[in-house]
Each structure stands twice: as structure tokens, then as C-alpha cells.
file input_34.cif (mmCIF, C-alpha atoms and all ligand atoms)
data_data
#
loop_
_atom_site.group_PDB
_atom_site.id
_atom_site.type_symbol
_atom_site.label_atom_id
_atom_site.label_comp_id
_atom_site.auth_asym_id
_atom_site.auth_seq_id
_atom_site.Cartn_x
_atom_site.Cartn_y
_atom_site.Cartn_z
ATOM 1 C CA MET M 25 0.643 24.465 5.586
ATOM 2 C CA LYS M 26 1.707 21.608 3.284
ATOM 3 C CA LYS M 27 -0.754 18.720 3.305
ATOM 4 C CA ILE M 28 1.398 15.610 3.667
ATOM 5 C CA ALA M 29 -0.276 12.211 3.877
ATOM 6 C CA VAL M 30 1.221 8.851 4.693
ATOM 7 C CA TYR M 31 -0.232 5.968 2.678
ATOM 8 C CA PRO M 32 0.725 2.858 4.665
ATOM 9 C CA GLY M 33 0.269 -0.741 3.656
ATOM 10 C CA SER M 34 1.928 -4.087 3.219
ATOM 11 C CA PHE M 35 2.124 -3.607 -0.565
ATOM 12 C CA ASP M 36 3.110 -7.245 -0.997
ATOM 13 C CA PRO M 37 2.934 -6.371 -3.883
ATOM 14 C CA ILE M 38 1.442 -3.021 -4.962
ATOM 15 C CA THR M 39 -1.688 -3.531 -7.122
ATOM 16 C CA ASN M 40 -3.610 -1.380 -9.578
ATOM 17 C CA GLY M 41 -6.135 -0.839 -6.782
ATOM 18 C CA HIS M 42 -3.379 0.892 -4.769
ATOM 19 C CA VAL M 43 -2.306 2.834 -7.862
ATOM 20 C CA ASP M 44 -5.883 4.089 -8.371
ATOM 21 C CA ILE M 45 -6.112 5.269 -4.744
ATOM 22 C CA LEU M 46 -2.699 6.950 -5.040
ATOM 23 C CA LYS M 47 -3.479 8.806 -8.250
ATOM 24 C CA ARG M 48 -6.708 10.156 -6.778
ATOM 25 C CA GLY M 49 -4.956 10.999 -3.503
ATOM 26 C CA MET M 50 -2.334 13.003 -5.359
ATOM 27 C CA LYS M 51 -5.101 15.510 -6.192
ATOM 28 C CA MET M 52 -5.961 15.861 -2.501
ATOM 29 C CA PHE M 53 -2.528 16.159 -0.877
ATOM 30 C CA ASP M 54 0.623 18.169 -1.611
ATOM 31 C CA GLU M 55 2.758 15.114 -0.938
ATOM 32 C CA ILE M 56 2.142 11.443 -0.294
ATOM 33 C CA ILE M 57 4.616 9.167 1.446
ATOM 34 C CA ILE M 58 3.991 5.575 0.436
ATOM 35 C CA LEU M 59 5.016 3.590 3.475
ATOM 36 C CA VAL M 60 5.786 -0.095 3.316
ATOM 37 C CA ALA M 61 4.802 -0.875 6.915
ATOM 38 C CA TYR M 62 6.132 -4.326 7.658
ATOM 39 C CA ASN M 63 6.184 -6.733 10.530
ATOM 40 C CA PRO M 64 9.527 -8.599 10.661
ATOM 41 C CA ASN M 65 7.737 -11.589 12.244
ATOM 42 C CA LYS M 66 5.150 -11.856 9.472
ATOM 43 C CA ALA M 67 5.871 -13.883 6.354
ATOM 44 C CA SER M 68 5.756 -11.993 3.077
ATOM 45 C CA LEU M 69 6.438 -12.809 -0.554
ATOM 46 C CA PHE M 70 8.648 -9.782 -1.262
ATOM 47 C CA THR M 71 11.135 -8.348 1.230
ATOM 48 C CA PRO M 72 10.480 -4.764 2.405
ATOM 49 C CA GLU M 73 13.458 -3.672 0.243
ATOM 50 C CA GLU M 74 11.988 -5.367 -2.827
ATOM 51 C CA ARG M 75 8.567 -3.794 -2.185
ATOM 52 C CA VAL M 76 10.126 -0.324 -1.889
ATOM 53 C CA GLU M 77 12.129 -0.902 -5.075
ATOM 54 C CA ILE M 78 9.008 -2.034 -7.000
ATOM 55 C CA ILE M 79 6.937 0.936 -5.773
ATOM 56 C CA LYS M 80 9.765 3.340 -6.672
ATOM 57 C CA GLU M 81 9.810 1.892 -10.182
ATOM 58 C CA VAL M 82 6.000 2.169 -10.526
ATOM 59 C CA THR M 83 5.954 5.783 -9.307
ATOM 60 C CA LYS M 84 9.243 6.950 -10.861
ATOM 61 C CA ASN M 85 7.606 9.595 -13.072
ATOM 62 C CA TRP M 86 5.131 10.841 -10.483
ATOM 63 C CA GLU M 87 5.602 14.073 -8.627
ATOM 64 C CA ASN M 88 5.321 14.671 -4.885
ATOM 65 C CA ILE M 89 5.633 11.009 -3.982
ATOM 66 C CA ARG M 90 8.133 9.530 -1.556
ATOM 67 C CA VAL M 91 8.589 5.835 -0.793
ATOM 68 C CA ASP M 92 9.823 4.553 2.540
ATOM 69 C CA SER M 93 9.558 1.562 4.855
ATOM 70 C CA SER M 94 9.127 1.138 8.580
ATOM 71 C CA ALA M 95 8.626 -1.644 11.087
ATOM 72 C CA GLY M 96 7.595 0.765 13.836
ATOM 73 C CA LEU M 97 4.453 2.420 15.116
ATOM 74 C CA LEU M 98 2.612 4.161 12.304
ATOM 75 C CA VAL M 99 1.544 7.293 14.211
ATOM 76 C CA GLU M 100 5.172 7.828 15.286
ATOM 77 C CA TYR M 101 6.276 7.636 11.678
ATOM 78 C CA VAL M 102 3.548 10.084 10.627
ATOM 79 C CA LYS M 103 4.609 12.612 13.287
ATOM 80 C CA ASN M 104 8.334 12.268 12.509
ATOM 81 C CA ALA M 105 7.652 12.729 8.799
ATOM 82 C CA GLY M 106 5.892 16.046 9.490
ATOM 83 C CA ALA M 107 2.590 14.624 8.243
ATOM 84 C CA ASN M 108 -0.755 14.500 10.024
ATOM 85 C CA VAL M 109 -2.905 12.315 7.797
ATOM 86 C CA ILE M 110 -3.024 8.549 7.321
ATOM 87 C CA PHE M 111 -4.479 7.854 3.919
ATOM 88 C CA ARG M 112 -6.165 4.506 3.195
ATOM 89 C CA GLY M 113 -8.317 3.001 0.491
ATOM 90 C CA LEU M 114 -11.551 1.225 1.406
ATOM 91 C CA ARG M 115 -12.821 -1.668 -0.634
ATOM 92 C CA ALA M 116 -15.762 -3.957 0.030
ATOM 93 C CA LEU M 117 -17.699 -4.126 3.294
ATOM 94 C CA SER M 118 -15.250 -6.710 4.611
ATOM 95 C CA ASP M 119 -12.575 -3.986 4.961
ATOM 96 C CA PHE M 120 -14.650 -1.822 7.288
ATOM 97 C CA GLU M 121 -14.200 -3.511 10.635
ATOM 98 C CA TYR M 122 -10.427 -3.885 10.229
ATOM 99 C CA GLU M 123 -10.021 -0.318 8.987
ATOM 100 C CA PHE M 124 -12.190 1.153 11.757
ATOM 101 C CA GLN M 125 -10.259 -0.803 14.349
ATOM 102 C CA MET M 126 -6.946 0.541 13.034
ATOM 103 C CA ALA M 127 -8.225 4.104 12.613
ATOM 104 C CA LEU M 128 -9.623 4.146 16.163
ATOM 105 C CA MET M 129 -6.416 2.708 17.605
ATOM 106 C CA ASN M 130 -4.307 5.257 15.735
ATOM 107 C CA ARG M 131 -6.602 8.048 16.923
ATOM 108 C CA ARG M 132 -6.294 6.803 20.487
ATOM 109 C CA LEU M 133 -2.505 6.782 20.134
ATOM 110 C CA ASP M 134 -2.375 10.275 18.652
ATOM 111 C CA ARG M 135 -5.404 12.538 18.410
ATOM 112 C CA GLU M 136 -3.594 14.926 16.067
ATOM 113 C CA VAL M 137 -3.393 12.284 13.348
ATOM 114 C CA GLU M 138 -6.519 11.786 11.227
ATOM 115 C CA THR M 139 -7.234 8.820 8.984
ATOM 116 C CA VAL M 140 -8.756 9.731 5.628
ATOM 117 C CA PHE M 141 -10.415 7.006 3.547
ATOM 118 C CA LEU M 142 -11.006 7.041 -0.154
ATOM 119 C CA MET M 143 -13.460 4.565 -1.585
ATOM 120 C CA SER M 144 -11.805 2.175 -3.956
ATOM 121 C CA GLY M 145 -12.735 2.316 -7.639
ATOM 122 C CA TYR M 146 -15.437 -0.319 -8.330
ATOM 123 C CA LYS M 147 -13.034 -2.157 -10.658
ATOM 124 C CA TRP M 148 -10.776 -2.842 -7.686
ATOM 125 C CA PHE M 149 -13.415 -3.628 -5.092
ATOM 126 C CA TYR M 150 -12.523 -7.273 -4.872
ATOM 127 C CA THR M 151 -8.833 -7.235 -5.779
ATOM 128 C CA SER M 152 -6.237 -7.793 -3.121
ATOM 129 C CA SER M 153 -2.532 -8.535 -3.045
ATOM 130 C CA SER M 154 -3.331 -11.930 -1.473
ATOM 131 C CA ILE M 155 -5.706 -13.123 -4.191
ATOM 132 C CA ILE M 156 -3.321 -11.839 -6.866
ATOM 133 C CA LYS M 157 -0.420 -13.738 -5.293
ATOM 134 C CA GLU M 158 -2.502 -16.899 -5.117
ATOM 135 C CA ALA M 159 -3.462 -16.736 -8.804
ATOM 136 C CA ALA M 160 0.081 -15.828 -9.889
ATOM 137 C CA SER M 161 1.625 -18.621 -7.791
ATOM 138 C CA LEU M 162 -0.472 -21.130 -9.730
ATOM 139 C CA GLY M 163 0.511 -19.653 -13.085
ATOM 140 C CA GLY M 164 -2.660 -17.583 -13.599
ATOM 141 C CA SER M 165 -2.441 -14.269 -15.440
ATOM 142 C CA VAL M 166 -2.827 -11.150 -13.296
ATOM 143 C CA LYS M 167 -2.305 -8.772 -16.216
ATOM 144 C CA GLY M 168 -4.323 -5.598 -15.775
ATOM 145 C CA MET M 169 -4.623 -6.124 -12.030
ATOM 146 C CA VAL M 170 -1.081 -5.004 -11.211
ATOM 147 C CA PRO M 171 1.439 -2.691 -12.905
ATOM 148 C CA GLU M 172 3.472 -4.444 -15.631
ATOM 149 C CA ILE M 173 6.649 -4.515 -13.529
ATOM 150 C CA VAL M 174 4.735 -6.327 -10.772
ATOM 151 C CA CYS M 175 3.617 -9.007 -13.279
ATOM 152 C CA GLN M 176 7.279 -9.572 -14.151
ATOM 153 C CA ARG M 177 8.445 -9.557 -10.550
ATOM 154 C CA LEU M 178 5.716 -12.038 -9.539
ATOM 155 C CA GLN M 179 6.716 -14.406 -12.350
ATOM 156 C CA ARG M 180 10.374 -14.084 -11.389
ATOM 157 C CA LYS M 181 9.696 -14.616 -7.688
ATOM 158 C CA PHE M 182 7.557 -17.724 -8.167
ATOM 159 C CA ALA M 183 10.059 -19.154 -10.663
ATOM 160 C CA GLU M 184 12.825 -18.594 -8.088
ATOM 161 C CA LEU M 185 10.775 -20.218 -5.351
ATOM 162 C CA LYS M 186 9.960 -23.189 -7.537
ATOM 163 C CA GLY M 187 13.553 -23.456 -8.729
ATOM 164 C CA THR M 188 12.616 -22.938 -12.379
ATOM 165 C CA LYS M 189 13.759 -20.208 -14.789
ATOM 166 C CA PRO M 190 11.353 -17.222 -15.215
HETATM 167 O O1 LIG E 1 -1.945 -3.381 3.516
HETATM 168 P P1 LIG E 1 -2.359 -3.768 4.900
HETATM 169 O O2 LIG E 1 -1.748 -5.103 5.280
HETATM 170 O O3 LIG E 1 -3.846 -3.759 5.079
HETATM 171 O O4 LIG E 1 -1.745 -2.654 5.882
HETATM 172 C C1 LIG E 1 -1.851 -2.752 7.270
HETATM 173 C C2 LIG E 1 -0.968 -1.678 7.950
HETATM 174 C C3 LIG E 1 0.451 -1.845 7.495
HETATM 175 C C4 LIG E 1 -1.477 -0.313 7.570
HETATM 176 C C5 LIG E 1 -1.060 -1.873 9.498
HETATM 177 O O5 LIG E 1 -0.691 -3.171 9.823
HETATM 178 C C6 LIG E 1 -0.206 -0.852 10.259
HETATM 179 O O6 LIG E 1 -0.603 0.263 10.430
HETATM 180 N N1 LIG E 1 0.976 -1.263 10.715
HETATM 181 C C7 LIG E 1 1.891 -0.396 11.431
HETATM 182 C C8 LIG E 1 2.025 -0.826 12.888
HETATM 183 C C9 LIG E 1 1.149 -0.008 13.818
HETATM 184 O O7 LIG E 1 1.317 1.179 13.974
HETATM 185 N N2 LIG E 1 0.170 -0.691 14.470
HETATM 186 C C10 LIG E 1 -0.708 -0.071 15.449
HETATM 187 C C11 LIG E 1 -1.882 0.668 14.874
HETATM 188 S S1 LIG E 1 -3.140 -0.335 14.234
#
call {"tool": "encode", "arguments": {"input": "input_34.cif", "output": "C-alpha cells", "more": "lines below"}}
Ligand code: PNS
result
Amino acid sequence: MKKIAVYPGSFDPITNGHVDILKRGMKMFDEIIILVAYNPNKASLFTPEERVEIIKEVTKNWENIRVDSSAGLLVEYVKNAGANVIFRGLRALSDFEYEFQMALMNRRLDREVETVFLMSGYKWFYTSSSIIKEAASLGGSVKGMVPEIVCQRLQRKFAELKGTKP
């Protein structure tokens, strides 16, 4: 049986921490579906379409990767995609409670779906999309923390928002 995992997240935007988890996950699963799971009522920097487009660009030369988006229930998506694993990265201790809460809720919703965690690389323990966005919004360099295309897209987005040219 093909081992298909769904790697859900906000990916607003994708970081090198996500990329590290993905590359290691690709050795564990036959296929990974990167799922931009979004809440239409929650503010985000990039639209779901933009996030999908950026992730597609980052992963364009990778094999056995699919990119999709959904605003629905995660376990439903996993079942409909023919997968049975939710794949997540775990960073510092602060992630644990939130991740356990989600994993237990997903397990309650569908006992056939397992959540598999991979410990984040130590380099990425304290990186997050939020902190990266904050630094980038104030003109700080986030080079090395995100793929090159994300650096460009962040610059462009903040220039647009501030009404200045990138
Ligand atoms: O990158 P994030 O913000 O930590 O990802 C959180 C995400 C998208 C994985 C989580 O919010 C999620 O699973 N959303 C899908 C909606 C859902 O199924 N919720 C119920 C189970 S917790």
C-alpha cells in the first residue's frame, strides 16, 4: 500500500524549517501532499492561492509532492485524498500542547488517521512564519531562513502594502 501523508499548515509563508521537515519526510513516505489549510475568517499575509503558488515554485523539482489547499476539516481531506497520515514538524516545547490538542482532536474525529511528528532540525527550533514576517515587515533580512523566492515575495508584499516599489 502506498504511504501517502498530508503535511498541513498555514504556510504563511513556507520557511526553511518546513522545507527541512519535508525533505526528511520524503524519505519516509511515498507521497506527501502539502496542504495549505486556511481559515477564511483568519487574517493572513499571503492569500491561499499565493501560498500554493509559492510552495509549488519551491518544490517544483521535487518528486512525489503535491500541493493543494483546503478550508475544510483536515481528517476529511486526508480520507478523500486516499491518505491516512497527518505529518507535522515539532519545534520547541511551546509547540507540544497545541500539537497534542490537534492530534487528539483529529484522532477523535477519525481513528484511522494517525499523526506522525518529526522533530524539527535544531537550526529551525525557534523559527516561525510569524517571527519571519515581523522581521521582514520592518525591513530585516530573513535570508537563509526562507527559500529565496519567499525572500522576494515578502519584500514585494510589504512594498505593496506600504505603497512603495519593491
Ligand atoms: O501552520 P499551523 O498554523 O500551525 O497549522 C495549523 C493547521 C492548519 C494544521 C490546523 O489549523 C488545522 O488542522 N486546520 C484544519 C481545520 C481542522 O480540521 N480543524 C480541526 C482539527 S484540530
call {"tool": "residues_near_ligand", "arguments": {"input": "input_34.cif", "ligand": "ligand LIG 1 (chain E)", "cutoff": "8 Å", "atoms": "all atoms listed in the file", "output": "list of chain:residue names"}}
result
M:Pro32, M:Gly33, M:Ser34, M:Phe35, M:Asp36, M:Val60, M:Ala61, M:Tyr62, M:Asn63, M:Ser94, M:Ala95, M:Gly96, M:Leu97, M:Leu98, M:Val99, M:Glu100, M:Gln125, M:Met126, M:Ala127, M:Met129, M:Asn130
call {"tool": "closest_residue", "arguments": {"input": "input_34.cif", "among": "M:Cys175, M:Val140, M:Ile156, M:Glu73", "to": "M:Gly113", "atoms": "all atoms listed in the file"}}
result
M:Val140
call {"tool": "closest_atom_pairs", "arguments": {"input": "input_34.cif", "of": "stretch 75-97 of chain M", "to": "stretch 39-54 of chain M", "cutoff": "10 Å", "atoms": "all atoms listed in the file", "output": "JSON lines"}}
result
{"residue": "M:Ile79", "atom": "CA", "partner": "M:Val43", "partner_atom": "CA", "distance": 9.7}
{"residue": "M:Val82", "atom": "CA", "partner": "M:Val43", "partner_atom": "CA", "distance": 8.7}
{"residue": "M:Thr83", "atom": "CA", "partner": "M:Val43", "partner_atom": "CA", "distance": 8.9}
{"residue": "M:Trp86", "atom": "CA", "partner": "M:Lys47", "partner_atom": "CA", "distance": 9.1}
{"residue": "M:Glu87", "atom": "CA", "partner": "M:Met50", "partner_atom": "CA", "distance": 8.6}
{"residue": "M:Asn88", "atom": "CA", "partner": "M:Asp54", "partner_atom": "CA", "distance": 6.7}
{"residue": "M:Ile89", "atom": "CA", "partner": "M:Met50", "partner_atom": "CA", "distance": 8.3}
call {"tool": "atom_distance", "arguments": {"input": "input_34.cif", "atom1": "atom CA of M:Ile56", "atom2": "atom CA of M:Ile28"}}
result
5.8 Å
call {"tool": "closest_residue", "arguments": {"input": "input_34.cif", "among": "M:Glu121, M:Glu81, M:Glu74, M:Glu136", "to": "M:Val102", "atoms": "all atoms listed in the file"}}
result
M:Glu136
call {"tool": "closest_residue", "arguments": {"input": "input_34.cif", "among": "M:Ile38, M:Val166, M:Leu69, M:Ile57", "to": "M:Phe111", "atoms": "all atoms listed in the file"}}
result
M:Ile57
call {"tool": "resolve_selection", "arguments": {"input": "input_34.cif", "expression": "the PyMOL selection byres (((chain M and resi 109) around 7) and not hetatm)", "output": "ChimeraX atom specification"}}
result
/M:28-30,107-108,110-111,137-140
call {"tool": "atom_distance", "arguments": {"input": "input_34.cif", "atom1": "atom CA of M:Lys186", "atom2": "atom CA of M:Ile78"}}
result
21.2 Å
call {"tool": "closest_residue", "arguments": {"input": "input_34.cif", "among": "M:Val91, M:Leu162, M:Leu133, M:Met143", "to": "M:Arg115", "atoms": "all atoms listed in the file"}}
result
M:Met143
call {"tool": "closest_residue", "arguments": {"input": "input_34.cif", "among": "M:Leu128, M:Pro37, M:Thr188, M:Leu114", "to": "M:Glu172", "atoms": "only C-alpha atoms"}}
result
M:Pro37
call {"tool": "closest_residue", "arguments": {"input": "input_34.cif", "among": "M:Ser93, M:Ser68, M:Ser152, M:Ser144", "to": "M:Met169", "atoms": "only C-alpha atoms"}}
result
M:Ser152
call {"tool": "atom_distance", "arguments": {"input": "input_34.cif", "atom1": "atom CA of M:Phe141", "atom2": "atom CA of M:Ser118"}}
result
14.6 Å
call {"tool": "axis_aligned_box", "arguments": {"input": "input_34.cif", "around": "stretch 168-184 of chain M", "padding_each_side": "5 Å", "output": "AutoDock Vina command-line options"}}
result
--center_x 4.1 --center_y -10.9 --center_z -11.7 --size_x 27.4 --size_y 26.5 --size_z 18.1
call {"tool": "build_atoms", "arguments": {"input": "input_34.cif", "residues": "stretch 66-89 of chain M", "atoms": "N, CA and C atoms", "output": "PDB file, in the coordinates of the input"}}
result
ATOM      1  N   LYS M  66       6.221 -11.384  10.359  1.00  0.00           N
ATOM      2  CA  LYS M  66       5.150 -11.856   9.472  1.00  0.00           C
ATOM      3  C   LYS M  66       5.739 -12.254   8.121  1.00  0.00           C
ATOM      4  N   ALA M  67       5.342 -13.421   7.646  1.00  0.00           N
ATOM      5  CA  ALA M  67       5.871 -13.883   6.354  1.00  0.00           C
ATOM      6  C   ALA M  67       5.339 -13.018   5.218  1.00  0.00           C
ATOM      7  N   SER M  68       6.206 -12.762   4.240  1.00  0.00           N
ATOM      8  CA  SER M  68       5.756 -11.993   3.077  1.00  0.00           C
ATOM      9  C   SER M  68       6.411 -12.596   1.842  1.00  0.00           C
ATOM     10  N   LEU M  69       5.846 -12.289   0.680  1.00  0.00           N
ATOM     11  CA  LEU M  69       6.438 -12.809  -0.554  1.00  0.00           C
ATOM     12  C   LEU M  69       7.684 -11.996  -0.909  1.00  0.00           C
ATOM     13  N   PHE M  70       7.528 -10.667  -0.934  1.00  0.00           N
ATOM     14  CA  PHE M  70       8.648  -9.782  -1.262  1.00  0.00           C
ATOM     15  C   PHE M  70       9.220  -9.187   0.025  1.00  0.00           C
ATOM     16  N   THR M  71      10.517  -8.988   0.065  1.00  0.00           N
ATOM     17  CA  THR M  71      11.135  -8.348   1.230  1.00  0.00           C
ATOM     18  C   THR M  71      10.716  -6.874   1.231  1.00  0.00           C
ATOM     19  N   PRO M  72      10.813  -6.191   2.383  1.00  0.00           N
ATOM     20  CA  PRO M  72      10.480  -4.764   2.405  1.00  0.00           C
ATOM     21  C   PRO M  72      11.294  -3.989   1.367  1.00  0.00           C
ATOM     22  N   GLU M  73      12.586  -4.362   1.209  1.00  0.00           N
ATOM     23  CA  GLU M  73      13.458  -3.672   0.243  1.00  0.00           C
ATOM     24  C   GLU M  73      12.945  -3.866  -1.179  1.00  0.00           C
ATOM     25  N   GLU M  74      12.523  -5.086  -1.481  1.00  0.00           N
ATOM     26  CA  GLU M  74      11.988  -5.367  -2.827  1.00  0.00           C
ATOM     27  C   GLU M  74      10.705  -4.573  -3.062  1.00  0.00           C
ATOM     28  N   ARG M  75       9.844  -4.513  -2.038  1.00  0.00           N
ATOM     29  CA  ARG M  75       8.567  -3.794  -2.185  1.00  0.00           C
ATOM     30  C   ARG M  75       8.819  -2.316  -2.436  1.00  0.00           C
ATOM     31  N   VAL M  76       9.778  -1.743  -1.695  1.00  0.00           N
ATOM     32  CA  VAL M  76      10.126  -0.324  -1.889  1.00  0.00           C
ATOM     33  C   VAL M  76      10.647  -0.115  -3.310  1.00  0.00           C
ATOM     34  N   GLU M  77      11.528  -1.008  -3.730  1.00  0.00           N
ATOM     35  CA  GLU M  77      12.129  -0.902  -5.075  1.00  0.00           C
ATOM     36  C   GLU M  77      11.041  -0.968  -6.162  1.00  0.00           C
ATOM     37  N   ILE M  78      10.088  -1.888  -6.009  1.00  0.00           N
ATOM     38  CA  ILE M  78       9.008  -2.034  -7.000  1.00  0.00           C
ATOM     39  C   ILE M  78       8.145  -0.764  -7.016  1.00  0.00           C
ATOM     40  N   ILE M  79       7.799  -0.265  -5.837  1.00  0.00           N
ATOM     41  CA  ILE M  79       6.937   0.936  -5.773  1.00  0.00           C
ATOM     42  C   ILE M  79       7.670   2.133  -6.374  1.00  0.00           C
ATOM     43  N   LYS M  80       8.975   2.229  -6.110  1.00  0.00           N
ATOM     44  CA  LYS M  80       9.765   3.340  -6.672  1.00  0.00           C
ATOM     45  C   LYS M  80       9.736   3.274  -8.195  1.00  0.00           C
ATOM     46  N   GLU M  81       9.829   2.075  -8.723  1.00  0.00           N
ATOM     47  CA  GLU M  81       9.810   1.892 -10.182  1.00  0.00           C
ATOM     48  C   GLU M  81       8.427   2.303 -10.733  1.00  0.00           C
ATOM     49  N   VAL M  82       7.367   1.863 -10.059  1.00  0.00           N
ATOM     50  CA  VAL M  82       6.000   2.169 -10.526  1.00  0.00           C
ATOM     51  C   VAL M  82       5.737   3.677 -10.506  1.00  0.00           C
ATOM     52  N   THR M  83       6.285   4.363  -9.504  1.00  0.00           N
ATOM     53  CA  THR M  83       5.954   5.783  -9.307  1.00  0.00           C
ATOM     54  C   THR M  83       7.077   6.717  -9.782  1.00  0.00           C
ATOM     55  N   LYS M  84       8.031   6.169 -10.560  1.00  0.00           N
ATOM     56  CA  LYS M  84       9.243   6.950 -10.861  1.00  0.00           C
ATOM     57  C   LYS M  84       8.967   8.272 -11.582  1.00  0.00           C
ATOM     58  N   ASN M  85       7.879   8.346 -12.348  1.00  0.00           N
ATOM     59  CA  ASN M  85       7.606   9.595 -13.072  1.00  0.00           C
ATOM     60  C   ASN M  85       6.553  10.458 -12.380  1.00  0.00           C
ATOM     61  N   TRP M  86       6.162  10.086 -11.194  1.00  0.00           N
ATOM     62  CA  TRP M  86       5.131  10.841 -10.483  1.00  0.00           C
ATOM     63  C   TRP M  86       5.779  11.898  -9.600  1.00  0.00           C
ATOM     64  N   GLU M  87       5.064  13.003  -9.470  1.00  0.00           N
ATOM     65  CA  GLU M  87       5.602  14.073  -8.627  1.00  0.00           C
ATOM     66  C   GLU M  87       5.022  14.010  -7.218  1.00  0.00           C
ATOM     67  N   ASN M  88       5.771  14.543  -6.275  1.00  0.00           N
ATOM     68  CA  ASN M  88       5.321  14.671  -4.885  1.00  0.00           C
ATOM     69  C   ASN M  88       5.005  13.339  -4.205  1.00  0.00           C
ATOM     70  N   ILE M  89       5.782  12.335  -4.585  1.00  0.00           N
ATOM     71  CA  ILE M  89       5.633  11.009  -3.982  1.00  0.00           C
ATOM     72  C   ILE M  89       6.982  10.613  -3.387  1.00  0.00           C
TER      73      ILE M  89
END
